[in-house]
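*Asks:* Supplied in structure tokens, the structure appears directly below.
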Amino acid sequence: MTGKPRRVGISKTALIGIIVVVVVVVAVGAYFAATYHPKPVTVTKPTVTMVSTKSIIVGPPNPNELIDISVVGSPDCLDPATGFYTVDTEIFNVVYQELVTWNPSNVYQVEPMLATNWTVSPNYENYTFILRQGVYFTDGEPFNATVVWFSIYRTILMGQGPGISNYVRLLFHESEFINTGYAIPWGACHALAYATGNNAYISNATLCAHALAYVLSNFDVHNSTIQKLMTYPNQAVVVLGPYKVQFNLLRPYRFFLTDLAAWWGAMVPPVFIDEHGGVQPNTPNSYACQYGLPGTGPYEIESVTGTPGEFTEVILKANPNYWGNNYPPGSLPVLDQPAHIPIIDIKISESHTNRVGLFDKNEAQITYVDPPFLGQLWSGYKYNQYFKPNQVILLEGYQPAGVLYISMNTQLWPTNCTDFRLAIVHAINYTAILYTYYSPLLNTTLAELYLGPSNPAYAPLYNPDNLPLYSYNPSLAEEYLNKSGWECNFYTVLPNGTVLGNPNGQRLPTLDIYVIPPVTPLVQEQLEIISQDLQQVGIPTTVAYATTAETDTWYTASSIPNLVMLGWVPDWPDPLFQLVYSILNVVNTGISGNMAAFNNPEVNELTAEAPFLTNETEQIQYLAKIYNITYAQAPYVWMPWPEYYMIVQPYVKGVVWTWSYYYYNTMYYQPLNVTITTYSNGTSTVTITPVTSSS
């Protein structure tokens, strides 16, 4: 039966009764509240007291020495006119000096070093420097304008990586270098003709180069002929006075000051060089490579162990006669300051075990391990309970930004086959390689993928058309490999027995991937990934080794191996002239940057002109064409670009990261007093304070 629900309610009589009861209860409660006073209960809180304190001093075992074991590969040469690897940097930074140096706060600006000031012409073609007086090399030779002329002309004429890569199209003609084989400062042959009266120097590059080398090897600044030579106005470098010199560029270039800020702009002592082998065109100085040269910097080379490319130790000592010692503290640019730590011991190519263990035991102040092993280092670090990882592992970002690669020699079979190179770039698992940079300790991947020849740090001068990264696609790689086998007359066999390419051609040989030893665990893992990926598509490889000194001889297409695992860091922050041009233009073939020996006429023209365009939109258009051509021809496998980091003991202060990495002379020791206070409740606190000197 359905219907409306019954009304639920209460009678008037019942309601009155309830009200009476409530009133009585409230009244009784009020009475007891007014008359009853319970005895208070006392709650006693436990007293926390300090049980003990303990203090330790965290500082260097030897306050007069800093041990750096972070350098994994050996310097190729201790002469700044020949050495051309990043592992040379820390030595060159503090032994040799240039006219200007980096501004640590702005990579596009420079500060005074051996020049006190300068002027730049409105069109950026002429740079005039006033030089610092009272500067001497560690062998006692004075620094002046003639030394500048000598040093720059020597670097160019020697024809090694630093001179070719950094002064071509600025201080010497690219076309003449290609045609004659000699890098000669522009105008120098005319200057020789003017000074000697022999016009044959103008038309004969060989005669001119060797005559200039003779002058540099017998450099008497009091000789009137040499004086006429150096003061001739229409040449790359002109001596205008004892402490005044002018650089005259072949074309306007607004980044030239930053070009001069690194070691290819280093000043070297003429008399010492003339007494130790002199100068020869296209030839390194073996003595200088082995032992280095006197410099004007805050440190000098005390001793070396090993040989170029296989050095195991370089010891630097503070220069007692450094010109910067005469200036009040804080009055010089930061990179010009004198040395604070008397001895720098650079132990080179230490094993991974030593790079971990020596740092963990506080027997070394600076070290390096690959990202996956940061946790291993931290877990064994004797002071890890007092400091945080970011107080020891200093992340420095991605600058200077360059490229890491496996170059594929485009002039040597079988990597001269474009489809073969395309097979390689699609056969490699880039995500797996990127993961080798993952640090569980920091919970981050210390690298990024990109598409060369530029780097994302230089946007908008990076990948203007947003071309995709090369995909990991083994099937596509096999298609390219089969096609290249017919085009280039070879065949290969997949692991499943399938034959790709021309079965009547030559069987694809095992290709060497050249690397510079020692190979770190990270590089070893990357090589294993690459080898397995290539083997999967029928490209057998093995690992071969070449020292940095041996790679200095790779300056022709025929001398470069098929596959080289290496990289390129711009010498100054111009991605077009110091990255794109360096690794793609034929003039830089070999150690000067273009390890793929890439020689595309259109790219040669585009890369040569793009850096000097004044309109950025036009530069981007040129770069887009370069990207599209090289993307289709694949001269390089682009490896992930890593983030820089330093592993430094927390008592090492004054660490300054610059475009040229770090400088030992800015570093000093500040021991730390670590106080551990323990309390009765089982907790403890750590207080870290600098140790104040008693003097």
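Letters A, B, ... mark the chains of the structure tokens in the order given; residue numbers begin at 1 per chain; ligand numbers begin at 1, in order shown.
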What's the 8 Å shell around A:Asn199, counting only C-alpha atoms, without same-chain residues fewer than 5 positions away, as a PyMOL selection string?

*Replies:* chain A and resi 190+193-194

*Asks:* Would you mind exporting the chosen residues as an mmCIF file, in the first residue's frame, restricted to C-alpha atoms?

*Replies:*
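Writing the result to part.cif gives the following:
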```
data_model
loop_
_atom_site.group_PDB
_atom_site.id
_atom_site.type_symbol
_atom_site.label_atom_id
_atom_site.label_comp_id
_atom_site.auth_asym_id
_atom_site.auth_seq_id
_atom_site.Cartn_x
_atom_site.Cartn_y
_atom_site.Cartn_z
ATOM 1 C CA HIS A 190 105.683 42.097 -49.060
ATOM 2 C CA ALA A 193 110.589 42.344 -49.950
ATOM 3 C CA TYR A 194 110.459 45.878 -48.534
#
```

*Asks:* What's the 9 Å shell around stretch 555-570 of chain A, counting only C-alpha atoms, without same-chain residues fewer than 6 positions away, as a PyMOL selection string?

*Replies:* chain A and resi 86+160-161+400-416+511-516+577-579+582-583+588-593+595-598+639

*Asks:* Residues as selected, C-alpha atoms, written as a short mmCIF file (atom, residue, chain, number, x, y, z; two decimals), in the first residue's frame, can you do that?

*Replies:*
```cif
data_model
loop_
_atom_site.label_atom_id
_atom_site.label_comp_id
_atom_site.auth_asym_id
_atom_site.auth_seq_id
_atom_site.Cartn_x
_atom_site.Cartn_y
_atom_site.Cartn_z
CA THR A 86 91.29 20.60 -23.86
CA GLN A 160 99.75 23.50 -36.52
CA GLY A 161 96.16 23.26 -35.28
CA PRO A 400 81.81 26.27 -23.41
CA ALA A 401 79.45 24.41 -25.70
CA GLY A 402 80.72 22.27 -28.56
CA VAL A 403 80.12 18.87 -30.13
CA LEU A 404 81.21 15.32 -29.43
CA TYR A 405 81.16 12.98 -32.38
CA ILE A 406 82.34 9.95 -34.24
CA SER A 407 83.80 11.39 -37.41
CA MET A 408 83.48 9.40 -40.62
CA ASN A 409 86.25 10.14 -43.13
CA THR A 410 84.32 11.20 -46.23
CA GLN A 411 87.39 10.68 -48.46
CA LEU A 412 88.31 7.15 -47.41
CA TRP A 413 86.51 3.90 -48.39
CA PRO A 414 84.00 2.76 -47.21
CA THR A 415 83.01 5.84 -45.17
CA ASN A 416 83.26 7.87 -48.38
CA LEU A 511 86.48 -0.93 -39.01
CA ASP A 512 88.54 0.61 -36.22
CA ILE A 513 86.96 3.26 -34.02
CA TYR A 514 89.91 5.35 -32.84
CA VAL A 515 89.83 6.79 -29.34
CA ILE A 516 92.37 8.55 -27.16
CA PHE A 577 83.46 30.60 -37.15
CA GLN A 578 84.62 28.36 -34.32
CA LEU A 579 82.27 25.41 -34.62
CA SER A 582 85.98 24.52 -38.02
CA ILE A 583 84.46 21.06 -38.36
CA ASN A 588 90.42 22.76 -41.45
CA THR A 589 90.81 19.11 -42.49
CA GLY A 590 92.31 17.02 -39.70
CA ILE A 591 93.39 18.20 -36.28
CA SER A 592 92.37 21.77 -37.16
CA GLY A 593 88.76 20.65 -36.70
CA MET A 595 88.16 15.26 -38.74
CA ALA A 596 85.62 13.98 -41.27
CA ALA A 597 87.66 15.57 -44.10
CA PHE A 598 84.31 16.87 -45.30
CA MET A 639 77.20 12.13 -29.48
#
```

*Asks:* When DSSP works through the backbone of this structure, what residues of stretch 35-168 of chain A end up as helix (DSSP H, G or I), shown as a PyMOL selection string?

*Replies:* chain A and resi 35+86-95+145-157+161-167

*Asks:* Looking only at strand (DSSP E or B) from DSSP on the backbone, list the matching residues of stretch 550-627 of chain A as a ChimeraX atom specification.

*Replies:* /A:563-568,589,594

*Asks:* Store the residues picked out above, limited to all heavy atoms, as a compact mmCIF listing (two decimals), in the first residue's frame.

*Replies:*
```txt
# COMPACT_ATOMS: atom_id res chain seq x y z
N LEU A 563 87.02 6.10 -38.73
CA LEU A 563 86.15 6.45 -37.62
C LEU A 563 86.99 6.95 -36.45
O LEU A 563 87.91 6.26 -36.00
CB LEU A 563 85.31 5.25 -37.18
CG LEU A 563 84.45 4.58 -38.26
CD1 LEU A 563 83.83 3.29 -37.72
CD2 LEU A 563 83.36 5.53 -38.73
N VAL A 564 86.67 8.15 -35.96
CA VAL A 564 87.40 8.73 -34.83
C VAL A 564 86.38 9.26 -33.82
O VAL A 564 85.51 10.05 -34.17
CB VAL A 564 88.33 9.87 -35.27
CG1 VAL A 564 89.04 10.46 -34.05
CG2 VAL A 564 89.34 9.40 -36.30
N MET A 565 86.50 8.82 -32.59
CA MET A 565 85.63 9.30 -31.52
C MET A 565 86.34 10.45 -30.82
O MET A 565 87.33 10.26 -30.11
CB MET A 565 85.32 8.18 -30.53
CG MET A 565 84.24 8.49 -29.53
SD MET A 565 83.91 7.05 -28.49
CE MET A 565 82.44 7.57 -27.62
N LEU A 566 85.84 11.65 -31.05
CA LEU A 566 86.53 12.83 -30.56
C LEU A 566 85.50 13.94 -30.33
O LEU A 566 84.30 13.65 -30.17
CB LEU A 566 87.61 13.26 -31.56
CG LEU A 566 88.80 14.05 -31.05
CD1 LEU A 566 89.54 13.30 -29.95
CD2 LEU A 566 89.77 14.35 -32.19
N GLY A 567 85.92 15.17 -30.36
CA GLY A 567 85.00 16.28 -30.17
C GLY A 567 85.67 17.58 -30.52
O GLY A 567 86.87 17.63 -30.81
N TRP A 568 84.89 18.64 -30.48
CA TRP A 568 85.42 19.96 -30.81
C TRP A 568 84.75 20.99 -29.91
O TRP A 568 83.53 21.08 -29.85
CB TRP A 568 85.15 20.30 -32.28
CG TRP A 568 85.76 21.60 -32.69
CD1 TRP A 568 85.12 22.81 -32.77
CD2 TRP A 568 87.11 21.84 -33.05
NE1 TRP A 568 86.00 23.79 -33.17
CE2 TRP A 568 87.24 23.22 -33.35
CE3 TRP A 568 88.24 21.03 -33.15
CZ2 TRP A 568 88.44 23.79 -33.74
CZ3 TRP A 568 89.44 21.60 -33.54
CH2 TRP A 568 89.53 22.97 -33.84
N THR A 589 90.73 20.56 -42.48
CA THR A 589 90.81 19.11 -42.49
C THR A 589 91.83 18.60 -41.47
O THR A 589 92.96 19.08 -41.40
CB THR A 589 91.20 18.61 -43.90
OG1 THR A 589 90.12 18.89 -44.79
CG2 THR A 589 91.46 17.11 -43.90
N ASN A 594 88.21 19.62 -38.83
CA ASN A 594 87.38 18.84 -39.75
C ASN A 594 87.92 17.41 -39.83
O ASN A 594 88.55 17.01 -40.80
CB ASN A 594 87.37 19.51 -41.12
CG ASN A 594 86.46 18.82 -42.12
OD1 ASN A 594 85.83 17.81 -41.82
ND2 ASN A 594 86.40 19.36 -43.32
```

*Asks:* Restricting the calculation to only C-alpha atoms: of A:Asn489, A:Thr258, A:Thr445, A:Gln385, which residue gets closest to A:Asn166?

*Replies:*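 Distance minimum relative to A:Asn166 lands on A:Thr258.
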
*Asks:* Determine, counting only C-alpha atoms, which protein, DNA and RNA residues have an atom within 12 Å of an atom of A:Pro573; residues of the same chain fewer than 4 positions away are not included. Present the result as a PyMOL selection string.

*Replies:* chain A and resi 102+106-110+254-259+261-262+399-402+454-455+457-458+461+569+577-580+611+658-660

*Asks:* Would you mind exporting the chosen residues as a PDB file, in the first residue's frame, restricted to C-alpha atoms?

*Replies:*
```
ATOM      1  CA  TRP A 102      88.491  36.181 -20.259  1.00  0.00           C
ATOM      2  CA  ASN A 106      80.689  37.415 -19.579  1.00  0.00           C
ATOM      3  CA  VAL A 107      82.225  35.135 -22.201  1.00  0.00           C
ATOM      4  CA  TYR A 108      81.833  37.826 -24.866  1.00  0.00           C
ATOM      5  CA  GLN A 109      84.037  40.300 -22.986  1.00  0.00           C
ATOM      6  CA  VAL A 110      87.738  40.341 -22.176  1.00  0.00           C
ATOM      7  CA  ARG A 254      84.034  41.787 -33.905  1.00  0.00           C
ATOM      8  CA  PHE A 255      84.993  38.694 -31.866  1.00  0.00           C
ATOM      9  CA  PHE A 256      88.743  39.012 -32.459  1.00  0.00           C
ATOM     10  CA  LEU A 257      89.520  39.999 -28.877  1.00  0.00           C
ATOM     11  CA  THR A 258      88.070  36.732 -27.610  1.00  0.00           C
ATOM     12  CA  ASP A 259      90.113  34.928 -30.267  1.00  0.00           C
ATOM     13  CA  ALA A 261      92.259  35.407 -25.159  1.00  0.00           C
ATOM     14  CA  ALA A 262      93.379  31.772 -25.272  1.00  0.00           C
ATOM     15  CA  GLN A 399      79.534  26.358 -21.523  1.00  0.00           C
ATOM     16  CA  PRO A 400      81.809  26.267 -23.407  1.00  0.00           C
ATOM     17  CA  ALA A 401      79.454  24.408 -25.703  1.00  0.00           C
ATOM     18  CA  GLY A 402      80.725  22.265 -28.562  1.00  0.00           C
ATOM     19  CA  SER A 454      76.075  23.702 -33.845  1.00  0.00           C
ATOM     20  CA  ASN A 455      74.937  23.367 -30.248  1.00  0.00           C
ATOM     21  CA  ALA A 457      73.504  26.849 -26.387  1.00  0.00           C
ATOM     22  CA  TYR A 458      73.885  29.098 -29.424  1.00  0.00           C
ATOM     23  CA  LEU A 461      72.269  29.845 -34.501  1.00  0.00           C
ATOM     24  CA  VAL A 569      85.099  22.836 -28.359  1.00  0.00           C
ATOM     25  CA  PHE A 577      83.459  30.597 -37.151  1.00  0.00           C
ATOM     26  CA  GLN A 578      84.623  28.360 -34.322  1.00  0.00           C
ATOM     27  CA  LEU A 579      82.271  25.408 -34.619  1.00  0.00           C
ATOM     28  CA  VAL A 580      80.446  25.155 -37.944  1.00  0.00           C
ATOM     29  CA  PRO A 611      80.726  34.257 -39.721  1.00  0.00           C
ATOM     30  CA  THR A 658      85.605  30.413 -17.416  1.00  0.00           C
ATOM     31  CA  TRP A 659      85.406  29.720 -21.134  1.00  0.00           C
ATOM     32  CA  SER A 660      88.869  28.167 -20.711  1.00  0.00           C
TER      33      SER A 660
END
```

*Asks:* Please determine, counting only C-alpha atoms, which residue among A:Asp274, A:Glu605, A:Asp336, A:Asp76 has the shortest atom-to-atom distance to A:Tyr96.

*Replies:*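 Of A:Asp274, A:Glu605, A:Asp336, A:Asp76, the one nearest A:Tyr96, counting only C-alpha atoms, is A:Asp336.
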
*Asks:* Set the distance at 6 Å and use only C-alpha atoms: which residues neighbour A:Ala423 once local chain neighbours fewer than 3 positions away are removed? I'd like the list as a PDB file with all heavy atoms, in the first residue's frame.

*Replies:*
```pdb
ATOM      1  N   PHE A 420      76.451   4.641 -46.717  1.00  0.00           N
ATOM      2  CA  PHE A 420      77.091   3.887 -45.637  1.00  0.00           C
ATOM      3  C   PHE A 420      77.096   4.716 -44.353  1.00  0.00           C
ATOM      4  O   PHE A 420      76.813   4.201 -43.266  1.00  0.00           O
ATOM      5  CB  PHE A 420      78.513   3.502 -46.037  1.00  0.00           C
ATOM      6  CG  PHE A 420      79.230   2.665 -45.019  1.00  0.00           C
ATOM      7  CD1 PHE A 420      78.934   1.318 -44.869  1.00  0.00           C
ATOM      8  CD2 PHE A 420      80.191   3.221 -44.188  1.00  0.00           C
ATOM      9  CE1 PHE A 420      79.598   0.536 -43.926  1.00  0.00           C
ATOM     10  CE2 PHE A 420      80.851   2.462 -43.244  1.00  0.00           C
ATOM     11  CZ  PHE A 420      80.559   1.119 -43.112  1.00  0.00           C
ATOM     12  N   HIS A 426      71.874   5.816 -38.353  1.00  0.00           N
ATOM     13  CA  HIS A 426      70.560   5.267 -37.978  1.00  0.00           C
ATOM     14  C   HIS A 426      70.665   3.940 -37.236  1.00  0.00           C
ATOM     15  O   HIS A 426      69.643   3.396 -36.801  1.00  0.00           O
ATOM     16  CB  HIS A 426      69.680   5.105 -39.218  1.00  0.00           C
ATOM     17  CG  HIS A 426      69.152   6.403 -39.756  1.00  0.00           C
ATOM     18  ND1 HIS A 426      68.175   7.119 -39.115  1.00  0.00           N
ATOM     19  CD2 HIS A 426      69.487   7.113 -40.863  1.00  0.00           C
ATOM     20  CE1 HIS A 426      67.913   8.229 -39.798  1.00  0.00           C
ATOM     21  NE2 HIS A 426      68.692   8.244 -40.867  1.00  0.00           N
ATOM     22  N   ALA A 477      68.636   1.464 -41.227  1.00  0.00           N
ATOM     23  CA  ALA A 477      70.087   1.343 -41.352  1.00  0.00           C
ATOM     24  C   ALA A 477      70.454   0.203 -42.302  1.00  0.00           C
ATOM     25  O   ALA A 477      71.373   0.334 -43.125  1.00  0.00           O
ATOM     26  CB  ALA A 477      70.710   1.118 -39.976  1.00  0.00           C
ATOM     27  N   TYR A 480      69.927   1.341 -45.907  1.00  0.00           N
ATOM     28  CA  TYR A 480      71.042   2.179 -46.366  1.00  0.00           C
ATOM     29  C   TYR A 480      72.299   1.344 -46.585  1.00  0.00           C
ATOM     30  O   TYR A 480      73.057   1.566 -47.539  1.00  0.00           O
ATOM     31  CB  TYR A 480      71.333   3.285 -45.346  1.00  0.00           C
ATOM     32  CG  TYR A 480      70.441   4.491 -45.465  1.00  0.00           C
ATOM     33  CD1 TYR A 480      69.660   4.916 -44.390  1.00  0.00           C
ATOM     34  CD2 TYR A 480      70.393   5.229 -46.641  1.00  0.00           C
ATOM     35  CE1 TYR A 480      68.846   6.036 -44.488  1.00  0.00           C
ATOM     36  CE2 TYR A 480      69.576   6.357 -46.750  1.00  0.00           C
ATOM     37  CZ  TYR A 480      68.810   6.749 -45.673  1.00  0.00           C
ATOM     38  OH  TYR A 480      68.004   7.861 -45.789  1.00  0.00           O
ATOM     39  N   LEU A 481      72.548   0.394 -45.711  1.00  0.00           N
ATOM     40  CA  LEU A 481      73.743  -0.433 -45.835  1.00  0.00           C
ATOM     41  C   LEU A 481      73.685  -1.290 -47.100  1.00  0.00           C
ATOM     42  O   LEU A 481      74.685  -1.424 -47.819  1.00  0.00           O
ATOM     43  CB  LEU A 481      73.889  -1.319 -44.596  1.00  0.00           C
ATOM     44  CG  LEU A 481      75.200  -2.092 -44.456  1.00  0.00           C
ATOM     45  CD1 LEU A 481      76.387  -1.143 -44.448  1.00  0.00           C
ATOM     46  CD2 LEU A 481      75.180  -2.936 -43.190  1.00  0.00           C
TER      47      LEU A 481
END
```

*Asks:* From the set A:Thr296, A:Thr630, A:Ser349, A:Thr689, which residue has the shortest atom-to-atom contact distance to A:Phe92, counting only C-alpha atoms?

*Replies:*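 Once distances to A:Phe92 are computed over only C-alpha atoms, the minimum belongs to A:Thr296.
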
*Asks:* Residues at most 9 Å from A:Gln391, counting only C-alpha atoms, excluding those fewer than 5 positions away in the same chain, as a ChimeraX atom specification?

*Replies:* /A:648-650

*Asks:* Next, dump the selected residues to file, keeping only N, CA and C atoms, as an mmCIF file, in the first residue's frame.

*Replies:*
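This is the output file selection33.cif:
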```cif
data_model
loop_
_atom_site.group_PDB
_atom_site.id
_atom_site.type_symbol
_atom_site.label_atom_id
_atom_site.label_comp_id
_atom_site.auth_asym_id
_atom_site.auth_seq_id
_atom_site.Cartn_x
_atom_site.Cartn_y
_atom_site.Cartn_z
ATOM 1 N N VAL A 648 85.714 18.941 -6.257
ATOM 2 C CA VAL A 648 86.743 19.726 -5.560
ATOM 3 C C VAL A 648 86.545 19.606 -4.053
ATOM 4 N N GLN A 649 87.641 19.466 -3.336
ATOM 5 C CA GLN A 649 87.543 19.441 -1.874
ATOM 6 C C GLN A 649 86.921 20.749 -1.381
ATOM 7 N N PRO A 650 86.078 20.694 -0.350
ATOM 8 C CA PRO A 650 85.325 21.891 0.067
ATOM 9 C C PRO A 650 86.191 23.008 0.627
#
```

*Asks:* Atom CA of A:Pro269 and atom CA of A:Phe137, how far apart in Å?

*Replies:*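 Interatomic distance, atom CA of A:Phe137 to atom CA of A:Pro269: 6.8 Å.
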
*Asks:* Compare A:Thr547, A:Pro252, A:Leu494, A:Trp264 by their minimum atom-to-atom distance to A:Thr89, counting only C-alpha atoms, and give me the closest one.

*Replies:*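 Among A:Thr547, A:Pro252, A:Leu494, A:Trp264, it is A:Trp264 that comes nearest to A:Thr89.
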